[in-house]
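A.B. asks: Dropping in final_23.txt, with compact mmCIF, C-alpha atoms and all ligand atoms.
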# COMPACT_ATOMS: atom_id res chain seq x y z
CA MET A 1 -3.80 -127.16 16.61
CA ASN A 2 -5.54 -124.25 14.88
CA GLU A 3 -7.17 -123.94 11.45
CA ASN A 4 -3.69 -123.53 9.94
CA SER A 5 -2.07 -126.60 11.44
CA ARG A 6 -2.66 -130.15 10.34
CA PRO A 7 -0.79 -133.39 11.07
CA PHE A 8 2.37 -133.52 8.96
CA LYS A 9 2.42 -135.88 6.01
CA PRO A 10 5.52 -136.13 3.84
CA PHE A 11 5.22 -136.08 0.06
CA GLU A 12 6.65 -139.57 -0.33
CA PRO A 13 8.07 -139.21 -3.88
CA LEU A 14 10.23 -136.34 -2.55
CA VAL A 15 11.48 -138.38 0.40
CA GLU A 16 12.45 -141.16 -2.01
CA ARG A 17 14.13 -138.67 -4.37
CA ILE A 18 16.16 -137.11 -1.55
CA LYS A 19 17.22 -140.58 -0.39
CA LYS A 20 18.34 -141.35 -3.95
CA ASP A 21 19.88 -138.01 -5.02
CA GLY A 22 20.36 -135.80 -1.92
CA ILE A 23 23.92 -135.18 -0.77
CA CYS A 24 24.67 -134.24 2.79
CA LEU A 25 27.36 -131.61 3.37
CA ASP A 26 29.07 -130.57 6.60
CA GLY A 27 27.30 -127.89 8.63
CA GLY A 28 23.78 -129.24 8.22
CA ILE A 29 23.44 -128.51 4.51
CA LEU A 30 21.61 -130.76 2.10
CA LYS A 31 22.53 -130.55 -1.56
CA VAL A 32 19.78 -131.27 -4.05
CA ASP A 33 21.57 -129.86 -7.07
CA SER A 34 20.58 -132.67 -9.39
CA PHE A 35 16.84 -131.92 -9.35
CA ILE A 36 16.09 -128.57 -7.60
CA ASN A 37 19.04 -126.20 -7.16
CA HIS A 38 21.21 -126.50 -10.25
CA GLN A 39 19.81 -129.04 -12.68
CA ILE A 40 16.02 -128.84 -12.45
CA ASP A 41 13.61 -131.72 -12.98
CA PRO A 42 10.50 -129.86 -14.22
CA THR A 43 8.22 -132.89 -14.20
CA PHE A 44 9.12 -133.60 -10.60
CA LEU A 45 8.74 -129.92 -9.65
CA GLN A 46 5.32 -130.01 -11.29
CA SER A 47 4.26 -132.95 -9.13
CA MET A 48 5.42 -131.08 -6.01
CA SER A 49 3.55 -127.98 -7.12
CA ILE A 50 0.35 -129.98 -7.51
CA GLU A 51 0.85 -131.11 -3.91
CA PHE A 52 1.30 -127.47 -2.77
CA VAL A 53 -1.90 -126.49 -4.58
CA ARG A 54 -3.73 -129.37 -2.88
CA ARG A 55 -2.43 -128.38 0.56
CA PHE A 56 -3.38 -124.72 0.15
CA ALA A 57 -6.75 -125.39 -1.48
CA ASN A 58 -8.38 -123.93 1.66
CA LYS A 59 -6.86 -120.52 0.98
CA GLU A 60 -7.67 -117.68 -1.35
CA ILE A 61 -4.45 -116.78 -3.18
CA ASN A 62 -3.93 -114.12 -5.84
CA LYS A 63 -0.13 -113.95 -5.89
CA ILE A 64 2.90 -116.20 -5.38
CA LEU A 65 5.94 -114.64 -3.76
CA THR A 66 9.44 -116.10 -3.61
CA ILE A 67 13.06 -114.98 -3.29
CA GLU A 68 15.58 -115.26 -6.08
CA ALA A 69 17.08 -117.48 -7.20
CA SER A 70 16.25 -120.99 -6.06
CA GLY A 71 12.62 -120.30 -5.16
CA ILE A 72 11.73 -119.08 -8.63
CA ALA A 73 11.34 -122.45 -10.37
CA PRO A 74 8.91 -124.02 -7.85
CA ALA A 75 7.07 -120.69 -7.48
CA ILE A 76 6.47 -120.43 -11.24
CA LEU A 77 4.96 -123.89 -11.38
CA VAL A 78 2.59 -123.15 -8.47
CA GLY A 79 1.67 -119.82 -10.06
CA PHE A 80 1.03 -121.56 -13.37
CA LEU A 81 -1.31 -124.08 -11.75
CA LEU A 82 -3.21 -121.37 -9.84
CA ASN A 83 -3.10 -118.97 -12.79
CA VAL A 84 -1.78 -116.12 -10.63
CA PRO A 85 1.31 -113.90 -11.04
CA VAL A 86 4.62 -114.86 -9.48
CA VAL A 87 6.80 -112.17 -7.89
CA PHE A 88 10.35 -112.79 -6.80
CA ALA A 89 11.95 -110.56 -4.22
CA LYS A 90 15.37 -109.42 -5.42
CA LYS A 91 18.55 -109.80 -3.46
CA LYS A 92 20.13 -106.67 -4.86
CA LYS A 93 18.35 -103.35 -5.25
CA PRO A 94 18.26 -102.58 -8.97
CA SER A 95 19.44 -99.02 -9.72
CA THR A 96 16.55 -98.65 -12.17
CA MET A 97 13.90 -99.30 -9.55
CA GLY A 98 12.48 -96.75 -7.11
CA ASN A 99 9.33 -97.31 -5.12
CA MET A 100 10.74 -100.33 -3.29
CA LEU A 101 9.94 -102.22 -0.13
CA THR A 102 13.16 -103.47 1.50
CA THR A 103 14.15 -105.70 4.38
CA GLU A 104 17.29 -107.34 5.75
CA VAL A 105 17.79 -111.12 5.61
CA PHE A 106 20.59 -113.11 7.17
CA SER A 107 21.73 -115.94 4.91
CA PHE A 108 22.57 -119.14 6.69
CA THR A 109 24.32 -120.75 3.71
CA LYS A 110 26.37 -117.61 2.89
CA ASN A 111 26.80 -116.46 6.51
CA LYS A 112 26.04 -112.81 5.76
CA ALA A 113 23.14 -110.37 5.75
CA TYR A 114 21.73 -108.97 2.53
CA THR A 115 18.97 -106.61 1.52
CA VAL A 116 15.90 -108.09 -0.12
CA CYS A 117 13.57 -105.84 -2.04
CA CYS A 118 10.34 -105.86 -3.94
CA SER A 119 8.65 -103.15 -5.98
CA LYS A 120 5.51 -101.65 -4.48
CA ASP A 121 4.03 -102.04 -7.97
CA PHE A 122 3.90 -105.82 -7.57
CA LEU A 123 3.02 -106.28 -3.90
CA HIS A 124 0.23 -104.22 -2.41
CA LYS A 125 -2.65 -103.91 -0.02
CA GLY A 126 -5.30 -106.53 -0.61
CA ASP A 127 -2.91 -109.11 -2.09
CA LYS A 128 -3.34 -112.62 -0.68
CA VAL A 129 0.12 -114.02 -0.91
CA LEU A 130 1.47 -117.57 -0.89
CA PHE A 131 5.23 -117.68 -0.27
CA VAL A 132 7.04 -120.61 -1.92
CA ASP A 133 10.69 -121.50 -1.41
CA ASP A 134 13.03 -124.45 -1.76
CA PHE A 135 14.33 -124.69 1.84
CA LEU A 136 13.22 -123.62 5.29
CA ALA A 137 16.10 -123.60 7.76
CA ASN A 138 16.26 -120.88 10.44
CA GLY A 139 13.39 -119.03 8.84
CA ASN A 140 15.31 -115.81 8.12
CA ALA A 141 14.22 -115.57 4.49
CA ALA A 142 10.64 -116.30 5.58
CA LYS A 143 10.81 -113.57 8.23
CA GLY A 144 12.04 -111.08 5.62
CA ILE A 145 9.10 -111.99 3.43
CA ILE A 146 6.67 -111.55 6.32
CA ASP A 147 8.15 -108.07 6.82
CA LEU A 148 7.74 -107.18 3.11
CA VAL A 149 4.15 -108.47 3.08
CA GLU A 150 3.34 -106.43 6.22
CA GLN A 151 4.96 -103.29 4.80
CA ALA A 152 2.83 -103.68 1.67
CA GLY A 153 -0.35 -104.12 3.74
CA ALA A 154 -0.89 -107.46 2.00
CA GLU A 155 -2.03 -110.69 3.63
CA LEU A 156 0.05 -113.85 3.96
CA ALA A 157 -2.13 -116.84 3.04
CA GLY A 158 0.59 -119.38 3.80
CA MET A 159 4.15 -120.54 3.26
CA GLY A 160 5.16 -123.63 1.27
CA PHE A 161 8.63 -125.16 1.38
CA ILE A 162 9.95 -128.11 -0.55
CA ILE A 163 12.32 -129.14 2.25
CA GLU A 164 12.25 -128.05 5.90
CA LYS A 165 15.14 -128.75 8.25
CA SER A 166 13.39 -128.93 11.63
CA PHE A 167 16.68 -128.93 13.55
CA GLN A 168 17.10 -125.26 12.63
CA HIS A 169 13.68 -124.41 14.10
CA GLY A 170 12.44 -121.88 11.51
CA GLY A 171 9.26 -123.90 10.98
CA GLU A 172 8.54 -124.00 14.69
CA LYS A 173 8.72 -120.20 14.91
CA LEU A 174 6.52 -119.64 11.86
CA ARG A 175 3.88 -122.12 13.08
CA GLU A 176 3.89 -120.46 16.51
CA MET A 177 2.92 -117.27 14.68
CA GLY A 178 -0.23 -119.11 13.56
CA LEU A 179 0.82 -119.30 9.90
CA GLN A 180 -0.08 -122.21 7.64
CA VAL A 181 3.32 -123.69 6.86
CA GLU A 182 3.44 -126.69 4.50
CA SER A 183 6.68 -128.56 3.95
CA LEU A 184 6.77 -131.47 1.55
CA ALA A 185 9.59 -133.21 3.42
CA ILE A 186 10.92 -132.46 6.90
CA ILE A 187 14.45 -133.46 7.86
CA ASP A 188 14.95 -133.89 11.60
CA SER A 189 18.70 -134.44 11.49
CA LEU A 190 21.69 -134.46 9.18
CA ASP A 191 24.07 -135.49 11.96
CA ASN A 192 26.97 -137.64 10.79
CA CYS A 193 25.73 -136.98 7.27
CA GLU A 194 22.82 -139.31 7.80
CA ILE A 195 19.47 -137.98 6.57
CA LYS A 196 16.72 -138.58 9.15
CA PHE A 197 13.23 -137.76 7.92
CA LYS A 198 10.28 -136.77 10.03
CA GLU A 199 7.62 -139.48 9.77
CA ALA A 200 3.95 -138.86 9.05
CA GLU A 201 1.94 -137.76 12.08
CA VAL A 202 -1.28 -139.62 12.73
P1 LIG B 301 16.62 -119.72 6.22
O1 LIG B 301 16.45 -118.30 5.81
O2 LIG B 301 15.31 -120.42 6.51
O3 LIG B 301 17.60 -119.88 7.33
O4 LIG B 301 17.28 -120.47 4.99
C1 LIG B 301 16.54 -120.64 3.82
C2 LIG B 301 17.34 -120.32 2.59
O5 LIG B 301 18.70 -120.76 2.70
C3 LIG B 301 16.72 -121.05 1.42
O6 LIG B 301 16.11 -120.10 0.58
C4 LIG B 301 17.87 -121.76 0.74
O7 LIG B 301 18.22 -121.06 -0.43
C5 LIG B 301 19.02 -121.71 1.71
N1 LIG B 301 19.24 -123.00 2.41
C6 LIG B 301 19.10 -123.23 3.74
N2 LIG B 301 19.46 -124.49 4.05
C7 LIG B 301 19.81 -125.08 2.89
C8 LIG B 301 20.29 -126.40 2.56
O8 LIG B 301 20.46 -127.29 3.39
N3 LIG B 301 20.55 -126.64 1.25
C9 LIG B 301 20.38 -125.68 0.29
N4 LIG B 301 20.66 -126.02 -0.97
N5 LIG B 301 19.96 -124.43 0.56
C10 LIG B 301 19.68 -124.13 1.84
Before we go any further, please render this structure as structure tokens.
Ligand code: 5GP

C.D. replies:
Amino acid sequence: MNENSRPFKPFEPLVERIKKDGICLDGGILKVDSFINHQIDPTFLQSMSIEFVRRFANKEINKILTIEASGIAPAILVGFLLNVPVVFAKKKKPSTMGNMLTTEVFSFTKNKAYTVCCSKDFLHKGDKVLFVDDFLANGNAAKGIIDLVEQAGAELAGMGFIIEKSFQHGGEKLREMGLQVESLAIIDSLDNCEIKFKEAEV
């Protein structure tokens, strides 16, 4: 344990919501389209954002960073609560934008690599960044973000995920790097399409 690691505690309303509305697909994918990824429940997202703010209260944060598209909604709510700007890294380099930081990310759900970019105008030295995303699986998106933050000379204050799938080990790798990683629910297994949640640690 270091200053960035604390015993895991699930955000119980999320566990209950996943039990009620989550759909398990083949290949270790959880579908939460009815409240996060397609239809969005803003009141519920707000309650999760309050939990993120509580968990990162120990950190100084002046910017929220996410990746389009599914991270944007939770990131905006956290940014709103902290009254800081929200930047989303883009998955396609806009032709109108020079002055970019870029990195490669392998997508587990789409099974291909893509370029993620962010304007140097919105991520720079001295920024204290909280990354917020919907899912943490293998940690590829997170690693891309770490690369962008390093290129910018900014500082990563922490990483917050709504749902972490521990069986894909991204969280393990990020925590080994000494980062504060907060996941509101951790799923240990989706084998046989049965959702097994990680219990609270004492
Ligand atoms: P990673 O880069 O950690 O391997 O995967 C994280 C990204 O893949 C997330 O931003 C999310 O969009 C997507 N993802 C990974 N696993 C799942 C899943 O089980 N369900 C959904 N809906 N998206 C996922």

A.B. asks: Go through chain A residue by residue and, counting all atoms listed in the file, keep those with an atom at most 9 Å from ligand LIG 301 (chain B); for each kept residue give the shortest atom pair and its distance in Å to one decimal, ordered by chain and increasing number, as JSON lines.

C.D. replies:
{"residue": "A:Cys24", "atom": "CA", "partner": "B:LIG301", "partner_atom": "O8", "distance": 8.1}
{"residue": "A:Leu25", "atom": "CA", "partner": "B:LIG301", "partner_atom": "O8", "distance": 8.1}
{"residue": "A:Gly27", "atom": "CA", "partner": "B:LIG301", "partner_atom": "O8", "distance": 8.6}
{"residue": "A:Gly28", "atom": "CA", "partner": "B:LIG301", "partner_atom": "O8", "distance": 6.2}
{"residue": "A:Ile29", "atom": "CA", "partner": "B:LIG301", "partner_atom": "O8", "distance": 3.4}
{"residue": "A:Leu30", "atom": "CA", "partner": "B:LIG301", "partner_atom": "O8", "distance": 3.9}
{"residue": "A:Lys31", "atom": "CA", "partner": "B:LIG301", "partner_atom": "N4", "distance": 4.9}
{"residue": "A:Val32", "atom": "CA", "partner": "B:LIG301", "partner_atom": "N4", "distance": 6.2}
{"residue": "A:Asp33", "atom": "CA", "partner": "B:LIG301", "partner_atom": "N4", "distance": 7.3}
{"residue": "A:Ile36", "atom": "CA", "partner": "B:LIG301", "partner_atom": "N4", "distance": 8.4}
{"residue": "A:Asn37", "atom": "CA", "partner": "B:LIG301", "partner_atom": "N4", "distance": 6.4}
{"residue": "A:Thr66", "atom": "CA", "partner": "B:LIG301", "partner_atom": "O6", "distance": 8.8}
{"residue": "A:Ile67", "atom": "CA", "partner": "B:LIG301", "partner_atom": "O6", "distance": 7.1}
{"residue": "A:Glu68", "atom": "CA", "partner": "B:LIG301", "partner_atom": "O6", "distance": 8.2}
{"residue": "A:Ala69", "atom": "CA", "partner": "B:LIG301", "partner_atom": "O7", "distance": 7.7}
{"residue": "A:Ser70", "atom": "CA", "partner": "B:LIG301", "partner_atom": "O7", "distance": 6.0}
{"residue": "A:Gly71", "atom": "CA", "partner": "B:LIG301", "partner_atom": "O6", "distance": 6.7}
{"residue": "A:Val105", "atom": "CA", "partner": "B:LIG301", "partner_atom": "O1", "distance": 7.3}
{"residue": "A:Phe106", "atom": "CA", "partner": "B:LIG301", "partner_atom": "O1", "distance": 6.8}
{"residue": "A:Ser107", "atom": "CA", "partner": "B:LIG301", "partner_atom": "O1", "distance": 5.9}
{"residue": "A:Phe108", "atom": "CA", "partner": "B:LIG301", "partner_atom": "O3", "distance": 5.1}
{"residue": "A:Thr109", "atom": "CA", "partner": "B:LIG301", "partner_atom": "N1", "distance": 5.7}
{"residue": "A:Lys110", "atom": "CA", "partner": "B:LIG301", "partner_atom": "O5", "distance": 8.3}
{"residue": "A:Asp133", "atom": "CA", "partner": "B:LIG301", "partner_atom": "O6", "distance": 5.9}
{"residue": "A:Asp134", "atom": "CA", "partner": "B:LIG301", "partner_atom": "O6", "distance": 5.8}
{"residue": "A:Phe135", "atom": "CA", "partner": "B:LIG301", "partner_atom": "C3", "distance": 4.4}
{"residue": "A:Leu136", "atom": "CA", "partner": "B:LIG301", "partner_atom": "O2", "distance": 4.0}
{"residue": "A:Ala137", "atom": "CA", "partner": "B:LIG301", "partner_atom": "O2", "distance": 3.5}
{"residue": "A:Asn138", "atom": "CA", "partner": "B:LIG301", "partner_atom": "O3", "distance": 3.5}
{"residue": "A:Gly139", "atom": "CA", "partner": "B:LIG301", "partner_atom": "O2", "distance": 3.3}
{"residue": "A:Asn140", "atom": "CA", "partner": "B:LIG301", "partner_atom": "O1", "distance": 3.6}
{"residue": "A:Ala141", "atom": "CA", "partner": "B:LIG301", "partner_atom": "O1", "distance": 3.8}
{"residue": "A:Ala142", "atom": "CA", "partner": "B:LIG301", "partner_atom": "O1", "distance": 6.1}
{"residue": "A:Lys143", "atom": "CA", "partner": "B:LIG301", "partner_atom": "O1", "distance": 7.7}
{"residue": "A:Gly144", "atom": "CA", "partner": "B:LIG301", "partner_atom": "O1", "distance": 8.5}
{"residue": "A:Ile163", "atom": "CA", "partner": "B:LIG301", "partner_atom": "O8", "distance": 8.4}
{"residue": "A:Glu164", "atom": "CA", "partner": "B:LIG301", "partner_atom": "O2", "distance": 8.2}
{"residue": "A:Lys165", "atom": "CA", "partner": "B:LIG301", "partner_atom": "O8", "distance": 7.4}
{"residue": "A:Gln168", "atom": "CA", "partner": "B:LIG301", "partner_atom": "O3", "distance": 7.6}
{"residue": "A:His169", "atom": "CA", "partner": "B:LIG301", "partner_atom": "O2", "distance": 8.7}
{"residue": "A:Gly170", "atom": "CA", "partner": "B:LIG301", "partner_atom": "O2", "distance": 5.9}
{"residue": "A:Gly171", "atom": "CA", "partner": "B:LIG301", "partner_atom": "O2", "distance": 8.3}

A.B. asks: If we count all atoms listed in the file, what is near Gly178 (chain A) at a cut-off of 10 Å, once residues fewer than 6 positions away on the same chain are taken out, given as number ranges by chain?

C.D. replies: A: 1-5, 158

A.B. asks: So which one's closest to Lys120 (chain A), A:Ile18, A:Ala89, A:Leu82, A:Ala152? Using all atoms listed in the file, please.

C.D. replies: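 Among A:Ile18, A:Ala89, A:Leu82, A:Ala152, it is A:Ala152 that comes nearest to Lys120 (chain A).
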
A.B. asks: May I ask for the distance between CA of Met48 (chain A) and CA of Pro10 (chain A), given in Å to one decimal place?

C.D. replies: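 Separation between CA of Met48 (chain A) and CA of Pro10 (chain A): 11.1 Å.
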
A.B. asks: With only C-alpha atoms as the basis for distance, which of A:Arg17, A:Ser34, A:Glu104, A:Gly160 is at the shortest distance from Lys91 (chain A)?

C.D. replies: A:Glu104

A.B. asks: For Ile50 (chain A), which of A:Phe80, A:Asn99, A:Ala185, A:Ala113 is the closest residue, counting all atoms listed in the file?

C.D. replies: A:Phe80

A.B. asks: List as a count of residues only: which residues have an atom within 9 Å of (-2.7, -106.9, -2.0), counting only C-alpha atoms?

C.D. replies: 15

A.B. asks: Return the single residue from A:Lys93, A:Phe44, A:Val87, A:Glu172 that is closest to Tyr114 (chain A), with distances computed using all atoms listed in the file.

C.D. replies: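 Looking only at the distances to Tyr114 (chain A), the closest residue turns out to be A:Lys93.
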
A.B. asks: Which one is closest to Val84 (chain A): A:Leu130, A:Asp41, A:Thr103, A:Arg54? Count only C-alpha atoms.

C.D. replies: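 Result for the nearest residue to Val84 (chain A): A:Leu130.
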
A.B. asks: Using all atoms listed in the file, pick whichever of A:Thr102, A:Gln151, A:Ser95, A:Ser49 has the shortest atom-to-atom distance to Leu77 (chain A).

C.D. replies: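 Residue with the minimum atom-to-atom distance to Leu77 (chain A): A:Ser49.
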
A.B. asks: Please tell me which residues are no farther than 10 Å from (6.6, -122.7, -11.0) in the file, counting only C-alpha atoms, and write them as a VMD selection string.

C.D. replies: chain A and resid 42 45 to 46 48 to 49 64 71 to 82 86 132

A.B. asks: Suppose you want the space between CA of Ala57 (chain A) and CA of Cys117 (chain A); what is it in Å?

C.D. replies: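 About the pair CA of Ala57 (chain A) and CA of Cys117 (chain A): they are 28.2 Å apart.
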
A.B. asks: Work out how far apart CA of Phe167 (chain A) and CA of Ile187 (chain A) are and give it in Å to one decimal.

C.D. replies: 7.6 Å
